[in-house]
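Trainee: This is the structure I have questions about; it appears just below.
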Amino acid sequence: MKYYSFMIIRYRQAAACFQCFGVFMSIALPLLICFILIRQQYPVVAFSGFLVLGWLSWTFAEYMIHRFWTHQPGLLTHTRVVQTHLHHHKHPTEIQVTTVQRLLLLIISMVLFVIAVRLNNYFTILAGLFTAFGYSFFSHWMLHQAWSRKIFPRLHSYHIHHHCKHPNRCFGFSTTFWDRIFGTTPPKGSRITERILNFYFGGGIDPHHHFK
């Protein structure tokens, strides 16, 4: 019976994963074709479009990895990446990526952007993707700073909900776009209390407890 239940859960996860990918392709492919068609006539517009498309691709990958890998039981549950992520949920103030690593990602992103400008071709998509990848580590760090509530109020709120109340929702940490597209936003009426904020910003509350 347990095996049957597990297989049902895995089937639903796979179906949801394919559904998400289908939605992404229905958005990305028309954009890609459009930018290819106007590339010769409007190179600046096409360059910007390829950059945005690369950025959009990483935010989708970020959402998928977070939703279907780090928060789903399976063969990869005991990998270092998943265990590090789960540890971060229990200890929100502990972020494994260092400032030096974030700066290195920033430098690489800038170099790739310069190369993309010079080449002005499909490499721009890769540059946009890596830039979004690097930015995601900055945005995650920012979401754990109190001042980010004033700059990214919705994204900040979503991330706290994910950490403390609804780990099965709010998977994006550089944008809320995909959560809104796929219906994984916080439930209506869900509140963030002072007790939750104290835990999130390191107030010493039992880290193994998810607030209801």
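Going through the structure tokens in order, the chains are called A, B, and so on, while each chain numbers its residues from 1 and the ligands are numbered from 1 in the order shown.
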I want to know what sits within 12 Å of A:Leu51, based on only C-alpha atoms, with residues of the same chain fewer than 4 positions away left out; could you give that as a PyMOL selection string?
Mentor: chain A and resi 31-32+35+44-47+55-58+109+112-113+116-117+120-132
Trainee: Wanna dump the stretch 6-91 of chain A-stretch 142-146 of chain A contacts at 12 Å for me, each residue with its shortest atom pair and the distance in Å to one decimal, counting only C-alpha atoms, ordered by chain and number, as CSV?
Mentor:
residue,atom,partner,partner_atom,distance
A:His88,CA,A:His144,CA,11.3
A:His89,CA,A:His144,CA,11.8
A:His91,CA,A:His144,CA,11.3
Trainee: Convert the current residue selection to file output with N, CA and C atoms, as a PDB file, in the first residue's frame.
Mentor:
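The file below, part29.pdb, is the result:
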ATOM      1  N   HIS A  88      19.231  25.064   5.647  1.00  0.00           N
ATOM      2  CA  HIS A  88      18.947  26.494   5.566  1.00  0.00           C
ATOM      3  C   HIS A  88      17.524  26.804   6.014  1.00  0.00           C
ATOM      4  N   HIS A  89      16.599  25.900   5.755  1.00  0.00           N
ATOM      5  CA  HIS A  89      15.224  26.097   6.213  1.00  0.00           C
ATOM      6  C   HIS A  89      15.156  26.103   7.737  1.00  0.00           C
ATOM      7  N   HIS A  91      17.689  26.872   9.672  1.00  0.00           N
ATOM      8  CA  HIS A  91      18.546  27.959  10.156  1.00  0.00           C
ATOM      9  C   HIS A  91      18.602  29.055   9.079  1.00  0.00           C
TER      10      HIS A  91
END
Trainee: Let me make sure I understand: among A:His140, A:Arg195, A:Arg154, A:His159, which one has the smallest atom-to-atom distance to A:Val97 if we use only C-alpha atoms?
Mentor: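 Of A:His140, A:Arg195, A:Arg154, A:His159, the one nearest A:Val97 is A:His140, counting only C-alpha atoms.
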Trainee: What are the DSSP helix (DSSP H, G or I) residues of stretch 76-188 of chain A, as a ChimeraX atom specification?
Mentor: /A:80-90,99-119,123-142,148-151,153-164,177-182
Trainee: Which residues are near A:Gly134? Cut-off 9 Å, only C-alpha atoms, ignore same chain within fewer than 6 positions. Put them as a list of chain:residue names.
Mentor: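 Contacts, with the query itself left out: A:Arg102, A:Leu103, A:Leu104, A:Leu105, A:Leu106, A:Ile108, A:Ser109.
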Trainee: Grab the atom CA of A:Ala16 to atom CA of A:Arg67 distance for me, in Å with one decimal place.
Mentor: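 Separation of atom CA of A:Ala16 and atom CA of A:Arg67: 10.3 Å.
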Trainee: Hey, which bits of stretch 31-149 of chain A sit within 8 Å of stretch 178-192 of chain A, and for each residue what's the closest pair of atoms and how far apart in Å (one decimal), counting only C-alpha atoms, rows by chain and increasing number, as a Markdown table?
Mentor:
| residue | atom | partner | partner_atom | distance |
| --- | --- | --- | --- | --- |
| A:Thr59 | CA | A:Trp178 | CA | 7.9 |
| A:Phe60 | CA | A:Trp178 | CA | 6.8 |
| A:Tyr63 | CA | A:Trp178 | CA | 7.0 |
Trainee: Limited to N, CA and C atoms, could you put the picked residues into a file as an mmCIF file, in the first residue's frame?
Mentor:
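Output file again.cif is given in full below:
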data_model
loop_
_atom_site.group_PDB
_atom_site.id
_atom_site.type_symbol
_atom_site.label_atom_id
_atom_site.label_comp_id
_atom_site.auth_asym_id
_atom_site.auth_seq_id
_atom_site.Cartn_x
_atom_site.Cartn_y
_atom_site.Cartn_z
ATOM 1 N N THR A 59 15.192 31.795 -14.362
ATOM 2 C CA THR A 59 14.189 31.911 -13.292
ATOM 3 C C THR A 59 13.256 30.710 -13.306
ATOM 4 N N PHE A 60 12.977 30.188 -14.499
ATOM 5 C CA PHE A 60 12.155 28.975 -14.594
ATOM 6 C C PHE A 60 12.929 27.778 -14.034
ATOM 7 N N TYR A 63 12.971 27.874 -10.314
ATOM 8 C CA TYR A 63 11.674 27.439 -9.774
ATOM 9 C C TYR A 63 11.562 25.917 -9.805
#
Trainee: Taking 6 positions as the minimum chain separation for residues in the same chain, which residues sit within 12 Å of A:Thr79 when counting only C-alpha atoms? Answer as a compact mmCIF listing (two decimals) with C-alpha atoms, in the first residue's frame.
Mentor:
# COMPACT_ATOMS: atom_id res chain seq x y z
CA TRP A 69 14.26 18.60 -6.46
CA THR A 70 14.97 20.22 -3.12
CA PRO A 73 11.23 12.98 -1.61
CA HIS A 85 18.89 23.52 1.50
CA LEU A 86 16.92 21.78 4.24
Trainee: My list of candidates is A:Lys90, A:Cys34, A:Pro43, A:Ile27. Which is closest to A:Pro167 when distances are computed with only C-alpha atoms?
Mentor: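 Ranked by minimum distance to A:Pro167, first place goes to A:Lys90.
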Trainee: Rounded to one decimal in Å, what is the spacing between atom CA of A:Ala28 and atom CA of A:Gln13?
Mentor: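 Separating atom CA of A:Ala28 from atom CA of A:Gln13 is a distance of 22.3 Å.
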Trainee: Under the rule that only C-alpha atoms are counted, which of A:Tyr158, A:Tyr42, A:Phe171, A:Phe137 is the nearest residue to A:Ile65?
Mentor: A:Phe171
Trainee: Between atom CA of A:Cys164 and atom CA of A:Ile196, what is the distance, to one decimal in Å?
Mentor: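 Rounded to one decimal, the two atoms are 6.8 Å apart.
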